[in-house]
>>> print(open('coords_7.cif').read())   # mmCIF, N, CA and C atoms and all ligand atoms
data_start
loop_
_atom_site.label_atom_id
_atom_site.label_comp_id
_atom_site.auth_asym_id
_atom_site.auth_seq_id
_atom_site.Cartn_x
_atom_site.Cartn_y
_atom_site.Cartn_z
N MET A 19 55.05 21.22 -5.74
CA MET A 19 54.15 20.22 -5.15
C MET A 19 53.99 20.48 -3.67
N ILE A 20 52.78 20.67 -3.20
CA ILE A 20 52.56 20.89 -1.78
C ILE A 20 51.66 19.78 -1.23
N GLN A 21 51.85 19.50 0.03
CA GLN A 21 51.01 18.48 0.65
C GLN A 21 49.79 19.17 1.24
N LEU A 22 48.64 18.58 1.00
CA LEU A 22 47.41 19.13 1.53
C LEU A 22 47.10 18.45 2.85
N THR A 23 47.37 19.16 3.93
CA THR A 23 47.14 18.57 5.24
C THR A 23 45.74 18.91 5.74
N SER A 24 45.40 20.17 5.67
CA SER A 24 44.07 20.57 6.08
C SER A 24 43.60 21.76 5.26
N ALA A 25 42.32 22.05 5.34
CA ALA A 25 41.77 23.15 4.57
C ALA A 25 42.35 24.49 5.02
N THR A 26 42.73 24.59 6.30
CA THR A 26 43.26 25.85 6.81
C THR A 26 44.60 26.21 6.16
N ALA A 27 45.34 25.17 5.74
CA ALA A 27 46.64 25.41 5.11
C ALA A 27 46.50 26.18 3.80
N ILE A 28 45.39 26.00 3.13
CA ILE A 28 45.21 26.70 1.86
C ILE A 28 44.08 27.73 1.94
N GLU A 29 43.73 28.08 3.18
CA GLU A 29 42.62 29.00 3.43
C GLU A 29 42.81 30.36 2.72
N THR A 30 44.02 30.89 2.83
CA THR A 30 44.32 32.18 2.20
C THR A 30 44.10 32.08 0.68
N ALA A 31 44.57 30.97 0.12
CA ALA A 31 44.44 30.76 -1.32
C ALA A 31 42.97 30.58 -1.70
N ILE A 32 42.21 29.92 -0.82
CA ILE A 32 40.79 29.71 -1.09
C ILE A 32 40.07 31.06 -1.10
N THR A 33 40.42 31.91 -0.15
CA THR A 33 39.83 33.25 -0.08
C THR A 33 40.13 34.03 -1.36
N LYS A 34 41.37 33.91 -1.82
CA LYS A 34 41.75 34.62 -3.05
C LYS A 34 41.01 34.05 -4.25
N ALA A 35 40.84 32.72 -4.26
CA ALA A 35 40.15 32.06 -5.37
C ALA A 35 38.71 32.56 -5.49
N ARG A 36 38.16 33.00 -4.36
CA ARG A 36 36.78 33.49 -4.37
C ARG A 36 36.71 34.91 -4.94
N THR A 37 37.78 35.69 -4.76
CA THR A 37 37.77 37.06 -5.24
C THR A 37 38.18 37.15 -6.71
N VAL A 38 39.10 36.26 -7.11
CA VAL A 38 39.53 36.23 -8.51
C VAL A 38 38.55 35.32 -9.24
N LYS A 39 38.06 35.79 -10.36
CA LYS A 39 37.12 34.95 -11.10
C LYS A 39 37.89 33.87 -11.87
N THR A 40 37.65 32.64 -11.48
CA THR A 40 38.34 31.55 -12.14
C THR A 40 37.34 30.58 -12.77
N ARG A 41 37.83 29.82 -13.73
CA ARG A 41 37.01 28.81 -14.33
C ARG A 41 37.83 27.53 -14.29
N VAL A 42 37.27 26.50 -13.68
CA VAL A 42 37.99 25.23 -13.56
C VAL A 42 37.47 24.25 -14.60
N HIS A 43 38.37 23.78 -15.42
CA HIS A 43 38.00 22.77 -16.41
C HIS A 43 38.61 21.43 -15.98
N VAL A 44 37.78 20.41 -15.92
CA VAL A 44 38.26 19.09 -15.51
C VAL A 44 38.82 18.37 -16.73
N ASN A 45 40.13 18.14 -16.74
CA ASN A 45 40.75 17.38 -17.83
C ASN A 45 40.45 15.90 -17.63
N CYS A 46 40.68 15.46 -16.41
CA CYS A 46 40.33 14.11 -15.98
C CYS A 46 40.39 14.15 -14.45
N PHE A 47 39.97 13.10 -13.80
CA PHE A 47 39.99 13.11 -12.34
C PHE A 47 41.43 13.30 -11.85
N GLY A 48 41.69 14.42 -11.19
CA GLY A 48 43.03 14.69 -10.69
C GLY A 48 43.81 15.69 -11.51
N SER A 49 43.28 16.08 -12.67
CA SER A 49 43.97 17.06 -13.51
C SER A 49 43.00 18.15 -13.94
N TYR A 50 43.35 19.41 -13.64
CA TYR A 50 42.44 20.52 -13.88
C TYR A 50 43.14 21.70 -14.54
N SER A 51 42.42 22.34 -15.43
CA SER A 51 42.93 23.56 -16.04
C SER A 51 42.18 24.71 -15.39
N VAL A 52 42.93 25.60 -14.74
CA VAL A 52 42.29 26.73 -14.06
C VAL A 52 42.61 28.01 -14.81
N MET A 53 41.56 28.70 -15.25
CA MET A 53 41.73 29.93 -16.00
C MET A 53 41.31 31.13 -15.18
N ASN A 54 42.15 32.16 -15.25
CA ASN A 54 41.81 33.43 -14.64
C ASN A 54 40.97 34.14 -15.70
N LYS A 55 39.70 34.34 -15.42
CA LYS A 55 38.79 34.92 -16.41
C LYS A 55 39.17 36.34 -16.81
N GLN A 56 39.85 37.07 -15.90
CA GLN A 56 40.22 38.44 -16.21
C GLN A 56 41.41 38.52 -17.16
N THR A 57 42.40 37.67 -16.95
CA THR A 57 43.61 37.74 -17.76
C THR A 57 43.65 36.67 -18.86
N GLY A 58 42.86 35.61 -18.66
CA GLY A 58 42.84 34.53 -19.63
C GLY A 58 43.97 33.54 -19.41
N ALA A 59 44.82 33.81 -18.42
CA ALA A 59 45.94 32.91 -18.11
C ALA A 59 45.41 31.58 -17.57
N THR A 60 45.92 30.50 -18.13
CA THR A 60 45.48 29.18 -17.70
C THR A 60 46.65 28.35 -17.20
N TYR A 61 46.44 27.70 -16.07
CA TYR A 61 47.48 26.85 -15.50
C TYR A 61 46.90 25.48 -15.21
N THR A 62 47.76 24.50 -15.19
CA THR A 62 47.31 23.14 -14.93
C THR A 62 47.61 22.75 -13.48
N VAL A 63 46.59 22.26 -12.80
CA VAL A 63 46.75 21.82 -11.42
C VAL A 63 46.55 20.31 -11.38
N THR A 64 47.47 19.64 -10.72
CA THR A 64 47.39 18.20 -10.57
C THR A 64 47.18 17.84 -9.11
N CYS A 65 46.21 16.98 -8.85
CA CYS A 65 45.96 16.50 -7.49
C CYS A 65 46.21 15.00 -7.47
N GLU A 66 46.93 14.54 -6.49
CA GLU A 66 47.15 13.10 -6.39
C GLU A 66 47.23 12.65 -4.95
N LYS A 67 47.05 11.36 -4.77
CA LYS A 67 47.09 10.77 -3.45
C LYS A 67 48.23 9.76 -3.42
N ARG A 68 49.13 9.92 -2.45
CA ARG A 68 50.27 9.01 -2.33
C ARG A 68 50.40 8.60 -0.88
N ASP A 69 50.40 7.32 -0.62
CA ASP A 69 50.52 6.80 0.75
C ASP A 69 49.47 7.43 1.68
N GLY A 70 48.29 7.64 1.14
CA GLY A 70 47.20 8.19 1.94
C GLY A 70 47.28 9.69 2.16
N LYS A 71 48.33 10.32 1.59
CA LYS A 71 48.48 11.76 1.73
C LYS A 71 48.10 12.43 0.42
N ARG A 72 47.49 13.60 0.53
CA ARG A 72 47.08 14.32 -0.67
C ARG A 72 48.10 15.38 -1.04
N PHE A 73 48.40 15.40 -2.33
CA PHE A 73 49.34 16.40 -2.84
C PHE A 73 48.72 17.13 -4.01
N ALA A 74 49.16 18.35 -4.21
CA ALA A 74 48.69 19.11 -5.35
C ALA A 74 49.80 20.00 -5.85
N SER A 75 49.80 20.26 -7.15
CA SER A 75 50.80 21.15 -7.71
C SER A 75 50.17 21.98 -8.82
N CYS A 76 50.75 23.15 -9.03
CA CYS A 76 50.25 24.04 -10.07
C CYS A 76 51.43 24.45 -10.94
N THR A 77 51.16 24.72 -12.22
CA THR A 77 52.24 25.06 -13.15
C THR A 77 52.58 26.55 -13.14
N CYS A 78 51.87 27.36 -12.32
CA CYS A 78 52.19 28.80 -12.30
C CYS A 78 53.46 29.03 -11.47
N ARG A 79 53.93 30.27 -11.48
CA ARG A 79 55.18 30.62 -10.79
C ARG A 79 55.11 30.31 -9.28
N ALA A 80 54.02 30.72 -8.65
CA ALA A 80 53.87 30.48 -7.21
C ALA A 80 53.81 28.98 -6.93
N GLY A 81 53.10 28.26 -7.80
CA GLY A 81 52.99 26.81 -7.64
C GLY A 81 54.33 26.12 -7.75
N GLU A 82 55.16 26.60 -8.69
CA GLU A 82 56.49 26.03 -8.88
C GLU A 82 57.36 26.24 -7.65
N LEU A 83 57.06 27.32 -6.93
CA LEU A 83 57.82 27.62 -5.72
C LEU A 83 57.24 26.89 -4.50
N GLY A 84 56.23 26.08 -4.76
CA GLY A 84 55.65 25.29 -3.67
C GLY A 84 54.64 26.04 -2.83
N ARG A 85 54.10 27.12 -3.39
CA ARG A 85 53.11 27.89 -2.64
C ARG A 85 51.70 27.47 -3.05
N ALA A 86 50.79 27.61 -2.10
CA ALA A 86 49.40 27.30 -2.38
C ALA A 86 48.78 28.51 -3.07
N CYS A 87 48.71 28.48 -4.40
CA CYS A 87 48.14 29.59 -5.15
C CYS A 87 46.63 29.40 -5.25
N TYR A 88 45.96 30.42 -5.76
CA TYR A 88 44.50 30.32 -5.84
C TYR A 88 44.02 29.35 -6.92
N HIS A 89 44.89 29.10 -7.92
CA HIS A 89 44.53 28.10 -8.95
C HIS A 89 44.38 26.74 -8.26
N LEU A 90 45.38 26.48 -7.44
CA LEU A 90 45.43 25.21 -6.71
C LEU A 90 44.20 25.08 -5.80
N ALA A 91 43.88 26.17 -5.10
CA ALA A 91 42.73 26.15 -4.19
C ALA A 91 41.43 25.90 -4.96
N ALA A 92 41.28 26.56 -6.10
CA ALA A 92 40.07 26.40 -6.91
C ALA A 92 39.96 24.97 -7.43
N ALA A 93 41.09 24.41 -7.87
CA ALA A 93 41.10 23.05 -8.40
C ALA A 93 40.87 22.01 -7.30
N VAL A 94 41.46 22.26 -6.14
CA VAL A 94 41.29 21.33 -5.02
C VAL A 94 39.82 21.28 -4.60
N ALA A 95 39.17 22.45 -4.59
CA ALA A 95 37.75 22.51 -4.24
C ALA A 95 36.93 21.67 -5.23
N ALA A 96 37.26 21.78 -6.51
CA ALA A 96 36.57 21.00 -7.55
C ALA A 96 36.88 19.51 -7.40
N HIS A 97 38.13 19.23 -7.06
CA HIS A 97 38.59 17.86 -6.90
C HIS A 97 37.85 17.17 -5.74
N ILE A 98 37.71 17.89 -4.63
CA ILE A 98 37.02 17.34 -3.46
C ILE A 98 35.56 17.05 -3.79
N GLN A 99 34.96 17.98 -4.53
CA GLN A 99 33.56 17.81 -4.95
C GLN A 99 33.43 16.57 -5.84
N LEU A 100 34.36 16.45 -6.77
CA LEU A 100 34.36 15.32 -7.71
C LEU A 100 34.56 14.00 -6.99
N ALA A 101 35.47 14.01 -6.02
CA ALA A 101 35.76 12.80 -5.24
C ALA A 101 34.52 12.40 -4.43
N ALA A 102 33.80 13.41 -3.90
CA ALA A 102 32.60 13.14 -3.12
C ALA A 102 31.51 12.55 -4.01
N ASP A 103 31.41 13.08 -5.23
CA ASP A 103 30.42 12.58 -6.19
C ASP A 103 30.73 11.13 -6.57
N LYS A 104 32.02 10.84 -6.73
CA LYS A 104 32.46 9.50 -7.09
C LYS A 104 32.08 8.51 -5.99
N GLN A 105 32.34 8.96 -4.75
CA GLN A 105 32.05 8.14 -3.57
C GLN A 105 30.56 7.85 -3.51
N ALA A 106 29.75 8.88 -3.75
CA ALA A 106 28.30 8.77 -3.68
C ALA A 106 27.77 7.80 -4.74
N ALA A 107 28.50 7.69 -5.85
CA ALA A 107 28.07 6.83 -6.94
C ALA A 107 28.24 5.35 -6.61
N HIS A 108 29.10 5.06 -5.64
CA HIS A 108 29.39 3.66 -5.30
C HIS A 108 28.41 3.08 -4.31
ZN ZN B 201 48.83 28.48 -9.60
#
>>> encode(input="coords_7.cif", output="structure tokens")
Amino acid sequence: MIQLTSATAIETAITKARTVKTRVHVNCFGSYSVMNKQTGATYTVTCEKRDGKRFASCTCRAGELGRACYHLAAAVAAHIQLAADKQAAH
């Protein structure tokens, strides 16, 4: 589980997410399945908000070690988009 403080903190992971072809499936708001299209490996990324702070975690090895992996970055990007859409709907 890592805390999302700013976009720069996961910038490296975001860059990697752009080079690796991923597919993000929305399980529900805050839960995403991220698939590496090349290997077919799928991991679950969870995004949550606690005490006004944003946290995210991934089930892959890097994620378990508390690193911002590209799955997490791809899911967070989708999550932010989804949150913005939700806000716009209100
Ligand atoms: Zn991961």
>>> residues_near_point(input="coords_7.cif", point="(49.5, 26.3, -1.6)", cutoff="6 Å", atoms="all atoms listed in the file", output="list in words")
Ile28, Gly84, Arg85, Ala86 and Cys87 of chain A
>>> residues_around(input="coords_7.cif", residues="stretch 30-32 of chain A", least_positions_apart="3", cutoff="6 Å", atoms="only C-alpha atoms", output="list in words")
Ala35, Cys87, Tyr88 and Ala91 of chain A
>>> write_last_selection(input="coords_7.cif", atoms="N, CA and C atoms", output="PDB file, in the frame of the given file")
ATOM      1  N   ALA A  35      40.840  32.720  -4.260  1.00  0.00           N
ATOM      2  CA  ALA A  35      40.150  32.060  -5.370  1.00  0.00           C
ATOM      3  C   ALA A  35      38.710  32.560  -5.490  1.00  0.00           C
ATOM      4  N   CYS A  87      48.710  28.480  -4.400  1.00  0.00           N
ATOM      5  CA  CYS A  87      48.140  29.590  -5.150  1.00  0.00           C
ATOM      6  C   CYS A  87      46.630  29.400  -5.250  1.00  0.00           C
ATOM      7  N   TYR A  88      45.960  30.420  -5.760  1.00  0.00           N
ATOM      8  CA  TYR A  88      44.500  30.320  -5.840  1.00  0.00           C
ATOM      9  C   TYR A  88      44.020  29.350  -6.920  1.00  0.00           C
ATOM     10  N   ALA A  91      43.880  26.170  -5.100  1.00  0.00           N
ATOM     11  CA  ALA A  91      42.730  26.150  -4.190  1.00  0.00           C
ATOM     12  C   ALA A  91      41.430  25.900  -4.960  1.00  0.00           C
TER      13      ALA A  91
END
>>> closest_atom_pairs(input="coords_7.cif", of="chain A", to="ligand ZN 201 (chain B)", cutoff="6.5 Å", atoms="all atoms listed in the file", output="CSV")
residue,atom,partner,partner_atom,distance
A:Tyr61,CA,B:ZN201,ZN,6.3
A:Cys76,CA,B:ZN201,ZN,4.7
A:Thr77,N,B:ZN201,ZN,5.1
A:Cys78,N,B:ZN201,ZN,4.2
A:Arg79,N,B:ZN201,ZN,5.7
A:Ala80,C,B:ZN201,ZN,5.7
A:Gly81,N,B:ZN201,ZN,4.6
A:Cys87,CA,B:ZN201,ZN,4.6
A:Tyr88,N,B:ZN201,ZN,5.2
A:His89,N,B:ZN201,ZN,4.3
A:Leu90,N,B:ZN201,ZN,4.5
>>> closest_residue(input="coords_7.cif", among="A:Cys65, A:Ile20, A:Ala93, A:Val38", to="A:Val52", atoms="only C-alpha atoms")
A:Ala93
>>> atom_distance(input="coords_7.cif", atom1="atom N of A:Thr40", atom2="atom N of A:Lys55")
4.8 Å
>>> residues_around(input="coords_7.cif", residues="A:Ser49", least_positions_apart="5", cutoff="8 Å", atoms="all atoms listed in the file", output="PDB file with N, CA and C atoms, in the frame of the given file")
ATOM      1  N   HIS A  43      38.370  23.780 -15.420  1.00  0.00           N
ATOM      2  CA  HIS A  43      38.000  22.770 -16.410  1.00  0.00           C
ATOM      3  C   HIS A  43      38.610  21.430 -15.980  1.00  0.00           C
ATOM      4  N   VAL A  44      37.780  20.410 -15.920  1.00  0.00           N
ATOM      5  CA  VAL A  44      38.260  19.090 -15.510  1.00  0.00           C
ATOM      6  C   VAL A  44      38.820  18.370 -16.730  1.00  0.00           C
ATOM      7  N   THR A  62      47.760  24.500 -15.190  1.00  0.00           N
ATOM      8  CA  THR A  62      47.310  23.140 -14.930  1.00  0.00           C
ATOM      9  C   THR A  62      47.610  22.750 -13.480  1.00  0.00           C
ATOM     10  N   VAL A  63      46.590  22.260 -12.800  1.00  0.00           N
ATOM     11  CA  VAL A  63      46.750  21.820 -11.420  1.00  0.00           C
ATOM     12  C   VAL A  63      46.550  20.310 -11.380  1.00  0.00           C
ATOM     13  N   THR A  64      47.470  19.640 -10.720  1.00  0.00           N
ATOM     14  CA  THR A  64      47.390  18.200 -10.570  1.00  0.00           C
ATOM     15  C   THR A  64      47.180  17.840  -9.110  1.00  0.00           C
ATOM     16  N   CYS A  65      46.210  16.980  -8.850  1.00  0.00           N
ATOM     17  CA  CYS A  65      45.960  16.500  -7.490  1.00  0.00           C
ATOM     18  C   CYS A  65      46.210  15.000  -7.470  1.00  0.00           C
ATOM     19  N   GLU A  66      46.930  14.540  -6.490  1.00  0.00           N
ATOM     20  CA  GLU A  66      47.150  13.100  -6.390  1.00  0.00           C
ATOM     21  C   GLU A  66      47.230  12.650  -4.950  1.00  0.00           C
ATOM     22  N   ALA A  93      41.090  24.410  -7.870  1.00  0.00           N
ATOM     23  CA  ALA A  93      41.100  23.050  -8.400  1.00  0.00           C
ATOM     24  C   ALA A  93      40.870  22.010  -7.300  1.00  0.00           C
ATOM     25  N   HIS A  97      38.130  19.230  -7.060  1.00  0.00           N
ATOM     26  CA  HIS A  97      38.590  17.860  -6.900  1.00  0.00           C
ATOM     27  C   HIS A  97      37.850  17.170  -5.740  1.00  0.00           C
TER      28      HIS A  97
END
>>> axis_aligned_box(input="coords_7.cif", around="stretch 23-27 of chain A", padding_each_side="4 Å", output="lines of an AutoDock Vina configuration file")
center_x = 44.6
center_y = 22.4
center_z = 5.3
size_x = 13.6
size_y = 15.6
size_z = 11.0
>>> select_by_dssp(input="coords_7.cif", residues="stretch 34-77 of chain A", states="helix (DSSP H, G or I)", output="list in words")
Lys34, Ala35, Arg36 and Thr37 of chain A
>>> atom_distance(input="coords_7.cif", atom1="atom CA of A:Ala27", atom2="atom CA of A:Val94")
12.2 Å
>>> decode(input="coords_7.cif", residues="stretch 42-83 of chain A", atoms="N, CA and C atoms", output="mmCIF file, in the first residue's frame")
data_model
loop_
_atom_site.group_PDB
_atom_site.id
_atom_site.type_symbol
_atom_site.label_atom_id
_atom_site.label_comp_id
_atom_site.auth_asym_id
_atom_site.auth_seq_id
_atom_site.Cartn_x
_atom_site.Cartn_y
_atom_site.Cartn_z
ATOM 1 N N VAL A 42 -6.989 -1.752 -18.585
ATOM 2 C CA VAL A 42 -7.553 -1.578 -17.249
ATOM 3 C C VAL A 42 -9.037 -1.919 -17.278
ATOM 4 N N HIS A 43 -9.407 -2.857 -16.449
ATOM 5 C CA HIS A 43 -10.818 -3.223 -16.328
ATOM 6 C C HIS A 43 -11.329 -2.709 -14.980
ATOM 7 N N VAL A 44 -12.421 -1.979 -15.019
ATOM 8 C CA VAL A 44 -12.991 -1.433 -13.787
ATOM 9 C C VAL A 44 -13.900 -2.481 -13.159
ATOM 10 N N ASN A 45 -13.500 -2.995 -11.994
ATOM 11 C CA ASN A 45 -14.341 -3.959 -11.270
ATOM 12 C C ASN A 45 -15.476 -3.201 -10.596
ATOM 13 N N CYS A 46 -15.097 -2.128 -9.923
ATOM 14 C CA CYS A 46 -16.035 -1.194 -9.322
ATOM 15 C C CYS A 46 -15.219 0.051 -9.002
ATOM 16 N N PHE A 47 -15.856 1.116 -8.585
ATOM 17 C CA PHE A 47 -15.112 2.336 -8.296
ATOM 18 C C PHE A 47 -14.098 2.060 -7.188
ATOM 19 N N GLY A 48 -12.815 2.153 -7.519
ATOM 20 C CA GLY A 48 -11.775 1.905 -6.526
ATOM 21 C C GLY A 48 -11.093 0.557 -6.663
ATOM 22 N N SER A 49 -11.618 -0.308 -7.528
ATOM 23 C CA SER A 49 -11.000 -1.617 -7.729
ATOM 24 C C SER A 49 -10.831 -1.899 -9.218
ATOM 25 N N TYR A 50 -9.587 -2.182 -9.619
ATOM 26 C CA TYR A 50 -9.279 -2.333 -11.036
ATOM 27 C C TYR A 50 -8.423 -3.561 -11.308
ATOM 28 N N SER A 51 -8.713 -4.194 -12.425
ATOM 29 C CA SER A 51 -7.877 -5.310 -12.861
ATOM 30 C C SER A 51 -7.022 -4.796 -14.002
ATOM 31 N N VAL A 52 -5.704 -4.845 -13.818
ATOM 32 C CA VAL A 52 -4.804 -4.344 -14.845
ATOM 33 C C VAL A 52 -4.082 -5.514 -15.497
ATOM 34 N N MET A 53 -4.246 -5.637 -16.810
ATOM 35 C CA MET A 53 -3.636 -6.726 -17.545
ATOM 36 C C MET A 53 -2.508 -6.226 -18.429
ATOM 37 N N ASN A 54 -1.410 -6.961 -18.390
ATOM 38 C CA ASN A 54 -0.300 -6.690 -19.293
ATOM 39 C C ASN A 54 -0.676 -7.445 -20.569
ATOM 40 N N LYS A 55 -0.941 -6.713 -21.632
ATOM 41 C CA LYS A 55 -1.406 -7.328 -22.874
ATOM 42 C C LYS A 55 -0.377 -8.268 -23.494
ATOM 43 N N GLN A 56 0.918 -8.030 -23.209
ATOM 44 C CA GLN A 56 1.952 -8.873 -23.783
ATOM 45 C C GLN A 56 2.053 -10.225 -23.080
ATOM 46 N N THR A 57 1.966 -10.213 -21.768
ATOM 47 C CA THR A 57 2.137 -11.452 -21.017
ATOM 48 C C THR A 57 0.808 -12.065 -20.562
ATOM 49 N N GLY A 58 -0.231 -11.226 -20.524
ATOM 50 C CA GLY A 58 -1.532 -11.704 -20.078
ATOM 51 C C GLY A 58 -1.665 -11.701 -18.562
ATOM 52 N N ALA A 59 -0.594 -11.316 -17.872
ATOM 53 C CA ALA A 59 -0.616 -11.271 -16.406
ATOM 54 C C ALA A 59 -1.576 -10.173 -15.935
ATOM 55 N N THR A 60 -2.436 -10.528 -15.001
ATOM 56 C CA THR A 60 -3.404 -9.568 -14.489
ATOM 57 C C THR A 60 -3.255 -9.402 -12.989
ATOM 58 N N TYR A 61 -3.267 -8.158 -12.549
ATOM 59 C CA TYR A 61 -3.162 -7.864 -11.125
ATOM 60 C C TYR A 61 -4.289 -6.941 -10.715
ATOM 61 N N THR A 62 -4.634 -6.999 -9.461
ATOM 62 C CA THR A 62 -5.717 -6.157 -8.961
ATOM 63 C C THR A 62 -5.150 -4.952 -8.216
ATOM 64 N N VAL A 63 -5.618 -3.783 -8.601
ATOM 65 C CA VAL A 63 -5.183 -2.545 -7.952
ATOM 66 C C VAL A 63 -6.381 -1.957 -7.206
ATOM 67 N N THR A 64 -6.143 -1.592 -5.971
ATOM 68 C CA THR A 64 -7.186 -0.992 -5.154
ATOM 69 C C THR A 64 -6.813 0.448 -4.823
ATOM 70 N N CYS A 65 -7.750 1.361 -5.031
ATOM 71 C CA CYS A 65 -7.537 2.765 -4.687
ATOM 72 C C CYS A 65 -8.536 3.133 -3.604
ATOM 73 N N GLU A 66 -8.071 3.789 -2.577
ATOM 74 C CA GLU A 66 -9.001 4.224 -1.541
ATOM 75 C C GLU A 66 -8.576 5.545 -0.928
ATOM 76 N N LYS A 67 -9.533 6.172 -0.280
ATOM 77 C CA LYS A 67 -9.290 7.456 0.353
ATOM 78 C C LYS A 67 -9.531 7.288 1.844
ATOM 79 N N ARG A 68 -8.526 7.668 2.641
ATOM 80 C CA ARG A 68 -8.651 7.555 4.097
ATOM 81 C C ARG A 68 -8.172 8.848 4.723
ATOM 82 N N ASP A 69 -8.994 9.456 5.526
ATOM 83 C CA ASP A 69 -8.642 10.726 6.181
ATOM 84 C C ASP A 69 -8.171 11.771 5.172
ATOM 85 N N GLY A 70 -8.804 11.774 4.014
ATOM 86 C CA GLY A 70 -8.462 12.752 2.990
ATOM 87 C C GLY A 70 -7.202 12.437 2.212
ATOM 88 N N LYS A 71 -6.557 11.304 2.556
ATOM 89 C CA LYS A 71 -5.344 10.912 1.844
ATOM 90 C C LYS A 71 -5.674 9.760 0.902
ATOM 91 N N ARG A 72 -5.007 9.762 -0.240
ATOM 92 C CA ARG A 72 -5.253 8.709 -1.217
ATOM 93 C C ARG A 72 -4.202 7.617 -1.114
ATOM 94 N N PHE A 73 -4.696 6.388 -1.135
ATOM 95 C CA PHE A 73 -3.799 5.243 -1.082
ATOM 96 C C PHE A 73 -4.111 4.302 -2.229
ATOM 97 N N ALA A 74 -3.106 3.561 -2.639
ATOM 98 C CA ALA A 74 -3.320 2.563 -3.673
ATOM 99 C C ALA A 74 -2.413 1.381 -3.419
ATOM 100 N N SER A 75 -2.876 0.208 -3.817
ATOM 101 C CA SER A 75 -2.050 -0.977 -3.670
ATOM 102 C C SER A 75 -2.263 -1.897 -4.861
ATOM 103 N N CYS A 76 -1.250 -2.693 -5.139
ATOM 104 C CA CYS A 76 -1.317 -3.629 -6.258
ATOM 105 C C CYS A 76 -0.933 -5.000 -5.738
ATOM 106 N N THR A 77 -1.489 -6.046 -6.354
ATOM 107 C CA THR A 77 -1.226 -7.410 -5.888
ATOM 108 C C THR A 77 0.037 -8.020 -6.495
ATOM 109 N N CYS A 78 0.740 -7.268 -7.371
ATOM 110 C CA CYS A 78 1.967 -7.829 -7.960
ATOM 111 C C CYS A 78 3.112 -7.754 -6.945
ATOM 112 N N ARG A 79 4.234 -8.356 -7.312
ATOM 113 C CA ARG A 79 5.392 -8.431 -6.407
ATOM 114 C C ARG A 79 5.881 -7.031 -5.990
ATOM 115 N N ALA A 80 6.027 -6.151 -6.966
ATOM 116 C CA ALA A 80 6.499 -4.789 -6.665
ATOM 117 C C ALA A 80 5.498 -4.065 -5.769
ATOM 118 N N GLY A 81 4.216 -4.264 -6.066
ATOM 119 C CA GLY A 81 3.168 -3.628 -5.278
ATOM 120 C C GLY A 81 3.180 -4.100 -3.835
ATOM 121 N N GLU A 82 3.433 -5.409 -3.653
ATOM 122 C CA GLU A 82 3.490 -5.972 -2.306
ATOM 123 C C GLU A 82 4.651 -5.384 -1.509
ATOM 124 N N LEU A 83 5.686 -4.975 -2.245
ATOM 125 C CA LEU A 83 6.854 -4.377 -1.592
ATOM 126 C C LEU A 83 6.662 -2.871 -1.387
#
